[in-house]
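Structure file structure28.txt (compact mmCIF, C-alpha atoms) follows.
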```txt
# COMPACT_ATOMS: atom_id res chain seq x y z
CA MET A 33 0.00 0.00 0.00
CA ARG A 34 2.82 2.37 0.98
CA TYR A 35 4.75 1.68 -2.18
CA LEU A 36 1.63 1.97 -4.28
CA ALA A 37 0.96 5.39 -2.75
CA ALA A 38 4.57 6.34 -3.40
CA ALA A 39 4.29 5.29 -7.02
CA LEU A 40 0.96 7.09 -7.45
CA VAL A 41 2.46 10.32 -6.17
CA LEU A 42 6.00 10.05 -7.50
CA LEU A 43 5.40 8.77 -11.03
CA PRO A 44 3.25 11.78 -12.02
CA ALA A 45 5.70 14.04 -10.22
CA ALA A 46 8.63 12.58 -12.18
CA ILE A 47 6.83 12.87 -15.51
CA LEU A 48 5.66 16.40 -14.76
CA GLN A 49 9.19 17.25 -13.66
CA VAL A 50 10.47 16.74 -17.21
CA THR A 51 7.38 18.02 -19.03
CA LEU A 52 5.57 20.65 -16.96
CA ALA A 53 8.23 22.09 -14.66
CA PRO A 54 10.37 23.66 -17.45
CA ARG A 55 7.25 25.56 -18.55
CA LEU A 56 6.93 27.07 -15.07
CA ASP A 57 10.20 28.91 -15.58
CA LEU A 58 10.66 32.02 -13.44
CA ALA A 59 13.89 34.01 -13.73
CA GLY A 60 15.62 30.99 -15.23
CA ALA A 61 14.60 28.60 -12.46
CA PHE A 62 11.82 26.05 -12.33
CA PRO A 63 10.46 23.95 -9.49
CA ASN A 64 11.80 20.50 -8.59
CA LEU A 65 8.55 18.62 -8.18
CA VAL A 66 10.00 15.25 -7.15
CA LEU A 67 12.27 16.99 -4.69
CA LEU A 68 9.29 18.86 -3.22
CA VAL A 69 7.41 15.58 -2.80
CA VAL A 70 10.37 13.81 -1.21
CA ALA A 71 11.16 16.70 1.15
CA GLY A 72 7.47 17.10 2.04
CA TRP A 73 7.14 13.40 2.75
CA THR A 74 10.29 13.49 4.88
CA LEU A 75 8.78 16.31 6.94
CA ALA A 76 5.55 14.36 7.30
CA ARG A 77 6.94 10.90 8.03
CA GLY A 78 10.59 11.26 8.90
CA ALA A 79 13.95 10.60 7.26
CA ALA A 80 13.58 6.85 6.71
CA ALA A 81 10.27 7.22 4.85
CA GLY A 82 11.70 10.18 2.96
CA ILE A 83 14.75 8.20 1.87
CA ARG A 84 12.54 5.39 0.57
CA TRP A 85 10.50 7.88 -1.45
CA ALA A 86 13.73 9.52 -2.58
CA LEU A 87 14.95 6.18 -3.96
CA ILE A 88 11.69 5.53 -5.80
CA GLY A 89 11.26 9.08 -7.04
CA GLY A 90 14.93 9.41 -7.96
CA LEU A 91 14.94 6.20 -9.99
CA LEU A 92 11.74 7.25 -11.77
CA LEU A 93 13.32 10.60 -12.50
CA ASP A 94 16.46 8.86 -13.75
CA LEU A 95 14.31 6.86 -16.14
CA VAL A 96 12.47 9.83 -17.63
CA ALA A 97 15.39 12.28 -17.58
CA PRO A 98 18.52 12.02 -19.69
CA GLY A 99 21.74 10.83 -18.04
CA ALA A 100 22.98 7.94 -15.98
CA LEU A 101 20.68 5.90 -13.73
CA GLY A 102 20.98 6.57 -10.01
CA VAL A 103 22.18 10.17 -10.23
CA HIS A 104 18.91 11.82 -9.24
CA ALA A 105 18.16 9.07 -6.74
CA LEU A 106 21.47 9.69 -5.00
CA ALA A 107 20.92 13.46 -4.92
CA LEU A 108 17.40 13.00 -3.57
CA VAL A 109 18.52 10.56 -0.90
CA VAL A 110 21.04 13.13 0.37
CA ALA A 111 18.36 15.84 0.33
CA ALA A 112 15.89 13.61 2.18
CA TYR A 113 18.42 12.58 4.81
CA PHE A 114 19.32 16.16 5.71
CA THR A 115 15.69 17.26 5.57
CA GLY A 116 15.14 14.55 8.15
CA PHE A 117 17.59 16.36 10.41
CA LEU A 118 15.47 19.50 10.17
CA GLN A 119 12.32 17.51 10.82
CA ARG A 120 13.78 16.01 13.98
CA SER A 121 15.42 19.21 15.19
CA PHE A 122 12.56 21.70 14.94
CA ALA A 123 9.00 21.80 16.15
CA PRO A 124 6.39 21.08 13.48
CA ASP A 125 5.44 24.24 11.64
CA PRO A 126 3.29 24.51 8.51
CA LEU A 127 5.14 27.43 6.93
CA LEU A 128 8.70 28.27 7.96
CA LEU A 129 10.04 24.75 8.46
CA PRO A 130 8.78 23.51 5.07
CA ALA A 131 10.14 26.64 3.35
CA ALA A 132 13.55 26.20 4.98
CA ALA A 133 13.52 22.48 4.21
CA GLY A 134 12.62 23.20 0.58
CA ALA A 135 15.49 25.63 0.20
CA LEU A 136 18.02 23.35 1.98
CA ALA A 137 16.93 20.26 0.06
CA THR A 138 17.24 22.12 -3.26
CA VAL A 139 20.75 23.34 -2.48
CA LEU A 140 21.92 19.87 -1.36
CA TYR A 141 20.26 18.15 -4.31
CA ASN A 142 21.92 20.49 -6.79
CA LEU A 143 25.30 20.29 -5.05
CA VAL A 144 25.23 16.49 -5.34
CA LEU A 145 24.28 16.73 -9.02
CA LEU A 146 27.08 19.23 -9.61
CA GLY A 147 29.54 17.02 -7.77
CA LEU A 148 28.53 13.97 -9.80
CA SER A 149 28.82 16.01 -12.99
CA GLU A 150 32.30 17.03 -11.91
CA LEU A 151 33.23 13.39 -11.22
CA ALA A 152 31.83 12.33 -14.59
CA GLY A 153 34.24 14.70 -16.28
CA HIS A 154 31.79 17.52 -16.98
CA PRO A 155 32.96 20.32 -14.71
CA LEU A 156 30.73 23.33 -14.20
CA ALA A 157 31.63 26.78 -12.84
CA LEU A 158 30.30 26.33 -9.31
CA LEU A 159 29.75 29.95 -8.27
CA PRO A 160 27.85 31.12 -11.38
CA VAL A 161 25.72 27.97 -11.32
CA LEU A 162 24.92 28.57 -7.66
CA GLN A 163 24.01 32.18 -8.33
CA VAL A 164 22.11 31.79 -11.56
CA TRP A 165 20.49 28.42 -11.10
CA VAL A 166 20.62 26.99 -7.60
CA ALA A 167 19.69 30.11 -5.61
CA PRO A 168 16.58 30.96 -7.69
CA SER A 169 15.56 27.29 -7.68
CA ALA A 170 15.94 27.17 -3.90
CA LEU A 171 13.78 30.26 -3.56
CA TYR A 172 11.19 28.83 -5.93
CA ASP A 173 11.05 25.53 -4.04
CA ALA A 174 10.97 27.33 -0.69
CA LEU A 175 7.87 29.18 -1.85
CA LEU A 176 6.15 26.02 -3.10
CA MET A 177 7.20 23.74 -0.27
CA PRO A 178 4.53 24.80 2.30
CA LEU A 179 1.82 23.93 -0.22
CA ALA A 180 3.48 20.61 -1.07
CA PHE A 181 3.82 19.83 2.64
CA LEU A 182 0.16 20.64 3.22
CA LEU A 183 -0.91 18.21 0.49
CA LEU A 184 1.49 15.48 1.58
CA ARG A 185 0.38 15.78 5.19
CA ARG A 186 -3.14 14.98 3.98
CA VAL A 187 -1.78 11.92 2.16
CA ASP A 188 0.11 11.00 5.32
CA ARG A 189 -3.07 11.21 7.40
CA ALA A 190 -4.96 9.14 4.86
CA LEU A 191 -2.37 6.34 4.89
CA PRO A 192 -2.01 4.06 7.93
CA LEU A 193 1.35 4.15 9.62
CA PRO A 194 3.31 0.88 9.31
CA VAL A 195 3.24 -1.16 12.49
CA ARG A 196 6.75 -2.12 13.51
CA ILE A 197 7.04 -4.95 16.02
CA GLU A 198 10.13 -4.45 18.10
CA TRP A 199 11.61 -6.98 20.49
CA MET B 137 13.18 5.85 20.29
CA ASN B 138 14.28 8.96 18.44
CA GLY B 139 17.91 7.81 18.48
CA ARG B 140 16.89 4.42 17.15
CA ALA B 141 14.93 6.06 14.35
CA GLN B 142 17.94 8.23 13.56
CA SER B 143 20.31 5.29 13.43
CA ARG B 144 17.81 3.42 11.27
CA SER B 145 17.53 6.35 8.86
CA SER B 146 21.32 6.76 8.87
CA GLY B 147 21.75 3.12 8.00
CA LEU B 148 19.18 3.42 5.27
CA PHE B 149 20.86 6.57 4.04
CA PHE B 150 24.35 5.09 3.80
CA GLY B 151 23.02 1.91 2.27
CA SER B 152 21.04 3.88 -0.29
CA VAL B 153 24.00 6.11 -1.11
CA ALA B 154 26.22 3.09 -1.61
CA ALA B 155 23.62 1.40 -3.77
CA MET B 156 23.06 4.49 -5.89
CA VAL B 157 26.77 5.12 -6.34
CA ALA B 158 27.11 1.51 -7.44
CA LEU B 159 24.17 1.96 -9.82
CA VAL B 160 25.68 5.11 -11.29
CA LEU B 161 29.01 3.38 -11.83
CA LEU B 162 27.34 0.26 -13.17
CA THR B 163 25.24 2.10 -15.70
CA GLN B 164 28.34 3.92 -16.91
CA LEU B 165 29.89 0.63 -18.03
CA PRO B 166 29.93 0.20 -21.82
CA GLY B 167 27.68 -2.86 -21.76
CA ALA B 168 25.04 -1.19 -19.61
CA SER B 169 23.86 1.29 -22.21
CA THR B 170 21.50 -1.19 -23.90
CA PRO B 171 19.49 -2.22 -20.79
CA ARG B 172 19.51 1.40 -19.65
CA GLY B 173 18.09 2.38 -23.04
CA TYR B 174 15.37 -0.29 -22.75
CA LEU B 175 14.39 0.96 -19.31
CA LYS B 176 14.26 4.55 -20.41
CA GLY B 177 12.38 3.59 -23.56
CA ALA B 178 9.72 1.87 -21.44
CA VAL B 179 8.78 5.06 -19.64
CA ALA B 180 9.43 7.48 -22.49
CA PRO B 181 5.85 7.17 -23.90
CA LEU B 182 4.52 8.45 -20.58
CA ALA B 183 6.60 11.59 -20.92
CA VAL B 184 5.55 11.99 -24.56
CA VAL B 185 1.86 11.66 -23.69
CA SER B 186 2.26 14.04 -20.77
CA SER B 187 4.05 16.54 -22.97
CA GLY B 188 1.27 16.30 -25.58
CA VAL B 189 -1.40 16.88 -22.93
CA LEU B 190 0.50 19.86 -21.60
CA ASP B 191 0.92 21.26 -25.13
CA TRP B 192 -2.82 20.92 -25.66
CA ALA B 193 -3.59 22.49 -22.27
CA GLY B 194 -0.99 25.17 -22.94
CA GLY B 195 -2.77 26.00 -26.18
CA GLY B 196 -6.01 26.38 -24.27
CA VAL B 197 -4.32 28.56 -21.69
CA ALA B 198 -2.82 30.66 -24.50
CA VAL B 199 -6.28 31.09 -26.02
CA LEU B 200 -7.67 32.16 -22.65
CA ARG B 201 -4.71 34.50 -22.13
CA ASP B 202 -5.25 35.98 -25.61
CA ALA B 203 -8.96 36.36 -24.89
CA GLY B 204 -8.15 38.14 -21.64
CA ARG B 205 -5.68 40.40 -23.43
CA LEU B 206 -8.24 41.12 -26.16
CA ARG B 207 -10.83 41.96 -23.51
CA ALA B 208 -8.38 44.35 -21.86
CA ASP B 209 -7.55 45.89 -25.26
CA ASP B 210 -11.26 46.21 -26.00
CA ARG B 211 -11.86 48.00 -22.69
CA ARG B 212 -8.89 50.33 -23.30
CA LEU B 213 -9.93 51.08 -26.89
CA SER B 214 -13.54 51.68 -25.83
CA ALA B 215 -12.33 54.16 -23.23
CA GLU B 216 -10.10 55.86 -25.83
CA ASN B 217 -12.99 55.90 -28.30
CA ALA B 218 -15.27 57.54 -25.74
CA ALA B 219 -12.59 60.13 -24.93
CA LEU B 220 -12.04 60.86 -28.64
CA ARG B 221 -15.79 61.18 -29.23
CA ARG B 222 -16.00 63.62 -26.35
CA GLN B 223 -13.08 65.61 -27.82
CA VAL B 224 -14.77 65.64 -31.24
CA ALA B 225 -18.02 66.87 -29.68
CA GLU B 226 -16.12 69.56 -27.78
CA LEU B 227 -14.25 70.61 -30.93
CA GLN B 228 -17.48 70.71 -32.90
CA ALA B 229 -19.05 72.87 -30.21
CA GLN B 230 -16.01 75.14 -30.23
CA GLY B 231 -16.13 75.28 -34.05
CA ALA B 232 -19.79 76.25 -33.98
CA GLU B 233 -19.06 78.87 -31.35
CA ASN B 234 -16.15 80.24 -33.43
CA SER B 235 -18.39 80.35 -36.48
CA GLU B 236 -21.02 82.26 -34.52
CA LEU B 237 -18.41 84.68 -33.23
CA ARG B 238 -16.96 85.12 -36.74
CA LYS B 239 -20.40 85.87 -38.11
CA ALA B 240 -21.09 88.28 -35.27
CA LEU B 241 -17.84 90.06 -36.12
CA GLU B 242 -18.93 90.25 -39.75
CA PHE B 243 -22.29 91.81 -38.84
CA GLN B 244 -20.72 94.92 -37.35
CA LYS B 245 -17.33 96.56 -37.40
CA THR B 246 -15.80 99.15 -35.15
CA ILE B 247 -13.73 101.90 -36.78
CA ALA B 248 -11.25 104.29 -35.20
CA ARG B 249 -13.01 107.43 -36.27
CA GLY B 250 -15.87 109.14 -34.49
CA ARG B 251 -17.78 112.32 -33.88
CA ALA B 252 -14.55 114.27 -33.62
CA ASP B 253 -13.82 113.32 -37.20
CA GLY B 254 -17.24 114.43 -38.44
CA LEU B 255 -18.92 111.02 -38.46
CA GLN B 256 -22.66 110.79 -38.02
CA VAL B 257 -25.12 107.93 -37.73
CA GLY B 258 -26.27 106.74 -41.17
CA MET B 259 -23.14 107.70 -43.10
CA VAL B 260 -22.18 105.24 -45.82
CA VAL B 261 -19.05 103.11 -45.39
CA VAL B 262 -17.24 101.55 -48.34
CA GLY B 263 -14.23 99.30 -48.70
CA GLY B 264 -11.86 98.92 -51.59
CA ALA B 265 -14.18 96.44 -53.31
CA GLY B 266 -17.57 97.94 -52.63
CA LEU B 267 -20.24 98.78 -50.09
CA VAL B 268 -19.55 97.80 -46.47
CA GLY B 269 -22.54 99.25 -44.64
CA ARG B 270 -23.67 102.26 -42.64
CA VAL B 271 -22.54 103.89 -39.42
CA SER B 272 -24.95 102.76 -36.71
CA GLU B 273 -23.40 104.28 -33.59
CA VAL B 274 -20.92 107.10 -33.16
CA GLY B 275 -18.61 107.74 -30.27
CA GLU B 276 -16.17 110.60 -29.83
CA ARG B 277 -13.25 108.67 -31.31
CA SER B 278 -14.89 105.52 -32.63
CA ALA B 279 -17.92 104.36 -34.49
CA THR B 280 -19.79 101.13 -35.14
CA VAL B 281 -20.61 100.12 -38.69
CA LYS B 282 -23.55 97.80 -39.37
CA THR B 283 -22.50 95.79 -42.40
CA LEU B 284 -24.53 94.53 -45.35
CA VAL B 285 -24.72 91.02 -43.95
CA ASP B 286 -26.52 92.16 -40.80
CA ALA B 287 -30.00 90.67 -40.80
CA GLU B 288 -31.56 94.16 -40.49
CA SER B 289 -29.63 95.59 -43.42
CA ARG B 290 -31.64 96.71 -46.48
CA VAL B 291 -30.00 98.28 -49.54
CA ASN B 292 -31.85 99.29 -52.68
CA ALA B 293 -29.93 98.08 -55.70
CA TYR B 294 -30.14 97.31 -59.40
CA THR B 295 -28.51 94.68 -61.55
CA SER B 296 -25.80 95.93 -63.87
CA LYS B 297 -26.88 94.26 -67.19
CA SER B 298 -30.55 93.43 -66.88
CA GLY B 299 -31.25 96.65 -65.02
CA LEU B 300 -33.80 95.15 -62.65
CA GLU B 301 -34.45 96.98 -59.41
CA GLY B 302 -34.60 95.29 -56.03
CA THR B 303 -33.55 95.28 -52.44
CA VAL B 304 -30.47 93.54 -51.08
CA ILE B 305 -31.19 91.92 -47.73
CA GLY B 306 -28.58 90.86 -45.22
CA GLU B 307 -28.97 87.21 -44.30
CA GLY B 308 -25.89 86.67 -42.20
CA GLY B 309 -23.83 85.23 -45.06
CA PRO B 310 -24.49 85.31 -48.79
CA LEU B 311 -26.73 88.24 -49.54
CA GLY B 312 -30.23 87.84 -50.88
CA MET B 313 -31.80 90.23 -53.37
CA GLU B 314 -35.51 90.58 -53.89
CA VAL B 315 -35.91 91.62 -57.50
CA LEU B 316 -38.91 93.35 -59.06
CA PRO B 317 -39.55 91.29 -62.20
CA LYS B 318 -39.98 92.66 -65.70
CA PRO B 319 -41.59 90.47 -68.33
CA GLY B 320 -39.00 88.70 -70.47
CA VAL B 321 -36.04 90.01 -68.45
CA VAL B 322 -33.87 87.51 -66.61
CA VAL B 323 -30.97 88.18 -64.27
CA ALA B 324 -27.92 86.18 -65.28
CA PRO B 325 -25.44 84.79 -62.75
CA GLY B 326 -22.29 86.92 -62.72
CA GLU B 327 -24.13 90.22 -63.04
CA TRP B 328 -23.20 92.89 -60.53
CA ALA B 329 -25.63 94.49 -58.14
CA LEU B 330 -25.04 98.18 -57.42
CA THR B 331 -26.74 100.63 -55.12
CA SER B 332 -29.63 102.29 -56.91
CA GLY B 333 -29.78 105.37 -54.70
CA ILE B 334 -33.53 104.95 -54.30
CA GLY B 335 -34.63 106.04 -50.83
CA GLY B 336 -31.62 108.29 -50.41
CA LEU B 337 -29.80 106.13 -47.91
CA PHE B 338 -26.93 105.24 -50.25
CA PRO B 339 -25.49 107.06 -53.24
CA ARG B 340 -26.12 105.36 -56.59
CA GLY B 341 -23.50 103.14 -58.19
CA ILE B 342 -21.63 101.55 -55.30
CA LEU B 343 -20.87 97.89 -55.86
CA VAL B 344 -22.87 95.61 -53.52
CA GLY B 345 -22.26 92.07 -54.78
CA GLN B 346 -22.35 89.63 -57.63
CA VAL B 347 -25.31 87.48 -58.60
CA ALA B 348 -24.51 83.86 -57.84
CA GLN B 349 -27.90 82.36 -58.62
CA PHE B 350 -31.26 83.63 -59.83
CA HIS B 351 -34.51 81.91 -58.82
CA ARG B 352 -37.26 82.60 -61.33
CA ARG B 353 -40.78 81.92 -60.15
CA ASP B 354 -43.56 82.76 -62.58
CA SER B 355 -46.23 83.04 -59.93
CA ALA B 356 -44.23 85.25 -57.53
CA THR B 357 -44.51 89.00 -57.31
CA LEU B 358 -40.83 89.21 -56.40
CA GLU B 359 -37.97 87.15 -57.73
CA GLN B 360 -35.00 86.10 -55.69
CA ALA B 361 -31.29 86.27 -56.43
CA ASP B 362 -28.40 85.08 -54.28
CA LEU B 363 -25.49 87.54 -54.13
CA ALA B 364 -21.91 87.06 -53.11
CA PRO B 365 -20.84 90.23 -51.25
CA ALA B 366 -18.26 92.34 -53.06
CA VAL B 367 -16.43 92.86 -49.79
CA ASP B 368 -14.92 90.03 -47.74
CA PHE B 369 -16.23 91.06 -44.33
CA SER B 370 -14.04 88.60 -42.47
CA ALA B 371 -10.85 90.05 -43.93
CA ILE B 372 -11.64 93.74 -44.18
CA SER B 373 -9.14 96.02 -42.39
CA MET B 374 -9.61 99.49 -43.86
CA VAL B 375 -12.76 101.37 -44.87
CA MET B 376 -13.79 104.80 -46.05
CA VAL B 377 -16.70 106.78 -44.64
CA LEU B 378 -18.46 108.98 -47.19
CA THR B 379 -18.74 112.17 -45.15
CA ASP B 380 -19.79 114.29 -48.12
CA PHE B 381 -22.93 112.19 -48.73
CA ARG B 382 -25.76 113.09 -46.43
CA PRO B 383 -28.17 110.18 -46.27
CA ALA B 384 -31.87 110.80 -45.97
CA ALA B 385 -33.48 110.08 -42.65
CA PRO B 386 -34.67 106.44 -42.64
```
Take the structure from the file and write it as structure tokens.
Amino acid sequence: MRYLAAALVLLPAAILQVTLAPRLDLAGAFPNLVLLVVAGWTLARGAAAGIRWALIGGLLLDLVAPGALGVHALALVVAAYFTGFLQRSFAPDPLLLPAAAGALATVLYNLVLLGLSELAGHPLALLPVLQVWVAPSALYDALLMPLAFLLLRRVDRALPLPVRIEW
Amino acid sequence: MNGRAQSRSSGLFFGSVAAMVALVLLTQLPGASTPRGYLKGAVAPLAVVSSGVLDWAGGGVAVLRDAGRLRADDRRLSAENAALRRQVAELQAQGAENSELRKALEFQKTIARGRADGLQVGMVVVGGAGLVGRVSEVGERSATVKTLVDAESRVNAYTSKSGLEGTVIGEGGPLGMEVLPKPGVVVAPGEWALTSGIGGLFPRGILVGQVAQFHRRDSATLEQADLAPAVDFSAISMVMVLTDFRPAAP
């Protein structure tokens, strides 16, 4: 059920990421829909759940986007893990925490992608990319993240929490 | 509990990172491009369909946006149209007012000579081209001249070729002449009308105007001719007052 829900949310997000998101361009940046879903889910359910969704969403994104498999999944896993830190460290808040998490997740996600691009032999000028691309994207995602969190919290409430039997 | 969850998520994180790094490296191997291509090809139709739907929806949005822009343009142009119509109406009103004022100026003229110069009411005023009118009011140093085109103006005149007698009447623009008919005599356009001197108000032989049109009516006791004044009352700047002609009392 959990994985079905993940697929139902993440597959459209991944497809819209490569088809719709570039059309929502503002000042050269466009929203990272899969990242918003993963970060929102992490805030709603915690780092472990977020990492699972990051793996699924990242692999779906790898399939629909050009490039090597695993790149987006890796970047999303890093973003989800550190968003989990925020989720554990701060009191739940419907506005500021999601906005901060959206911005942080976007920066980490893009840094991982830039690092992997560097390792693959395609170096990019870090500072201009951060200024022209990453910062506006982070702002964009920060603005959208509260809405994404609101929607995902509804999904979270609709889905039963997994029962873990511990000894 | 929280620490256990953190260690669990950390374990998951490091495991996932290791797995994804391995996947990245694996799919970079030369032999991995074919299965990677198959996988990507399996989901590519979804992206194509999604893109098509978005293109279609985008077209609809563009139509709506265009409709909105056209509505805004329509509102703006309607407002401009209303403003222009108002300006046209105002200009027409001003034009009519100017025309009235111009006509009023043509009906009477003020001259810089008066009683001190020997001017008296009723004296005849002429311009370079012909009869202008009569002095209607006299001040010490100025006088008012009622011109031929004034509605109250009456000048007895005759036509230069046909010799018909009549009265030139001021009508505020082109002059009208009521002509006493003679059997078999017709006034031709282009004939001149000159003062006849009958009644003693004007001396005989001063040019009044030119016949523009003659209206012959067999049943009428008087015939009608339209005259173009000899003097351009809107452009006149200098006149002469005939002080040596003493008009009869009207």
| said: I need the chain B residues near chain A as JSON, numbers by chain; criterion: at most 12 Å, counting only C-alpha atoms. | reply: {"B": [137, 138, 139, 140, 141, 142, 143, 144, 145, 146, 147, 148, 149, 150, 151, 152, 153, 154, 155, 156, 157, 158, 159, 160, 161, 162, 163, 164, 165, 166, 168, 169, 171, 172, 173, 174, 175, 176, 177, 178, 179, 180, 181, 182, 183, 184, 185, 186, 187, 188, 189, 190, 191, 193, 194]}
| request: Find the residues near Pro124 in chain A: any atom within 10 Å, counting only C-alpha atoms, skip ones fewer than 6 places away on the same chain, and give them as an MDAnalysis selection string. | output: chainID A and resid 75:76 118 130
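Straight-line separation from CA of Ser332 in chain B to CA of Arg249 in chain B: 27.0 Å.
Of the residues under consideration (B:Gln349, B:Arg290, B:Ile372, B:Val323), B:Arg290 shows the shortest atom-to-atom contact distance to Leu337 in chain B when counting all atoms listed in the file.
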| said: I'd like the neighbourhood of Met374 in chain B as a ChimeraX atom specification, where a residue qualifies if any of its atoms comes within 10 Å (using all atoms listed in the file), though same-chain residues fewer than 5 positions away should be ignored. | reply: /B:247,262-264
| message | Env of Leu127 in chain A: 12 Å cut, atoms = all atoms listed in the file, seq-sep filter 6 positions within chain, self excluded. Answer as a list in words. | response |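 My reading of the contact set: Gly72, Leu75, Ala133, Gly134, Ala174, Leu175, Leu176, Met177, Pro178, Leu179, Ala180, Phe181 and Leu182 of chain A.
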| message | Between CA of Gly335 in chain B and CA of Asn292 in chain B, what is the distance in Å, rounded to a tenth? | response |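 Between CA of Gly335 in chain B and CA of Asn292 in chain B the gap works out to 7.5 Å.
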Applying 12 Å and only C-alpha atoms, which residues near Arg251 in chain B remain after dropping the ones on its own chain fewer than 6 positions away? List them as a PDB file with C-alpha atoms, keeping the file's coordinate frame.
```
ATOM      1  CA  VAL B 257     -25.120 107.930 -37.730  1.00  0.00           C
ATOM      2  CA  MET B 259     -23.140 107.700 -43.100  1.00  0.00           C
ATOM      3  CA  VAL B 271     -22.540 103.890 -39.420  1.00  0.00           C
ATOM      4  CA  GLU B 273     -23.400 104.280 -33.590  1.00  0.00           C
ATOM      5  CA  VAL B 274     -20.920 107.100 -33.160  1.00  0.00           C
ATOM      6  CA  GLY B 275     -18.610 107.740 -30.270  1.00  0.00           C
ATOM      7  CA  GLU B 276     -16.170 110.600 -29.830  1.00  0.00           C
ATOM      8  CA  ARG B 277     -13.250 108.670 -31.310  1.00  0.00           C
ATOM      9  CA  SER B 278     -14.890 105.520 -32.630  1.00  0.00           C
ATOM     10  CA  ALA B 279     -17.920 104.360 -34.490  1.00  0.00           C
ATOM     11  CA  THR B 280     -19.790 101.130 -35.140  1.00  0.00           C
ATOM     12  CA  THR B 379     -18.740 112.170 -45.150  1.00  0.00           C
TER      13      THR B 379
END
```
Range 373-385 of chain B: axis-aligned bounding box, 6 Å on each side, centre and edge lengths in Å, one decimal, as lines of an AutoDock Vina configuration file:
```
center_x = -21.3
center_y = 105.2
center_z = -45.6
size_x = 36.3
size_y = 30.3
size_z = 18.3
```
